[in-house]
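This report refers to the structure that appears directly beneath it.
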Amino acid sequence: MSAAHTDHAGHHHDHHHGDASGHGTLKGYITGFVLAVILTAIPFWLVMGDIFADAQTTALVIMALAVVQIVVHMVYFLHMNTRSEGGWTMLALIFTVVLVVITLAGSLWVMYHLNHNMMPVSAHDMRNMP
């Protein structure tokens with residue numbers, strides 16, 4: 001299918017504006033799919049095989065792999081890069097990430113302080129209250 005056409009006056013127009021980032025290829029989709037499957041299988045293997053003795057290490061590795069998988073999905077399936085839409089999609093992504101980080105950090109901060117300040121008082125502390 002050609003993106004070029006001729007109008008009523010006989011002028012030739014080309015609809016390719018130098019931005020091929022919006023179109024994926026079969027090879028790109030297959031590469032993204034294979035990477036996504038691998039990045040899903042590795043955390044499953046880490047948990048089922050009990051590879052790390054420490055649960056925190058396992059959780060950190062799984063979160064790191066999740067971030068890599070997010071990037072794989074954005075590049076191979078959403079076709080996001082610094083050139084698409086004149087860079088606006090990347091700017092929107094950065095803005096979204098900043099908002100999510102602020103929201104998560106604020107929520108964790110509030111929950112920590114609520115938990116710390118609302119803990120039940122021991123019987124010893126109750127006797128010493130004025």
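In the structure tokens, chains take the letters A, B, ... in the order shown, each chain's residues start at 1, and ligands count up from 1 in the order shown.
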
Worksheet entry | For range 62-78 of chain A: contacts at 8 Å, only C-alpha atoms, fewer than 3 positions along chain excluded, given as a list in words |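 Once the adjacent positions are removed, what remains is Gly24, Gly28, Tyr29, Thr31, Gly32, Leu35, Ala36, Leu39, Pro43, Thr58, Ala59 and Asn81 of chain A.
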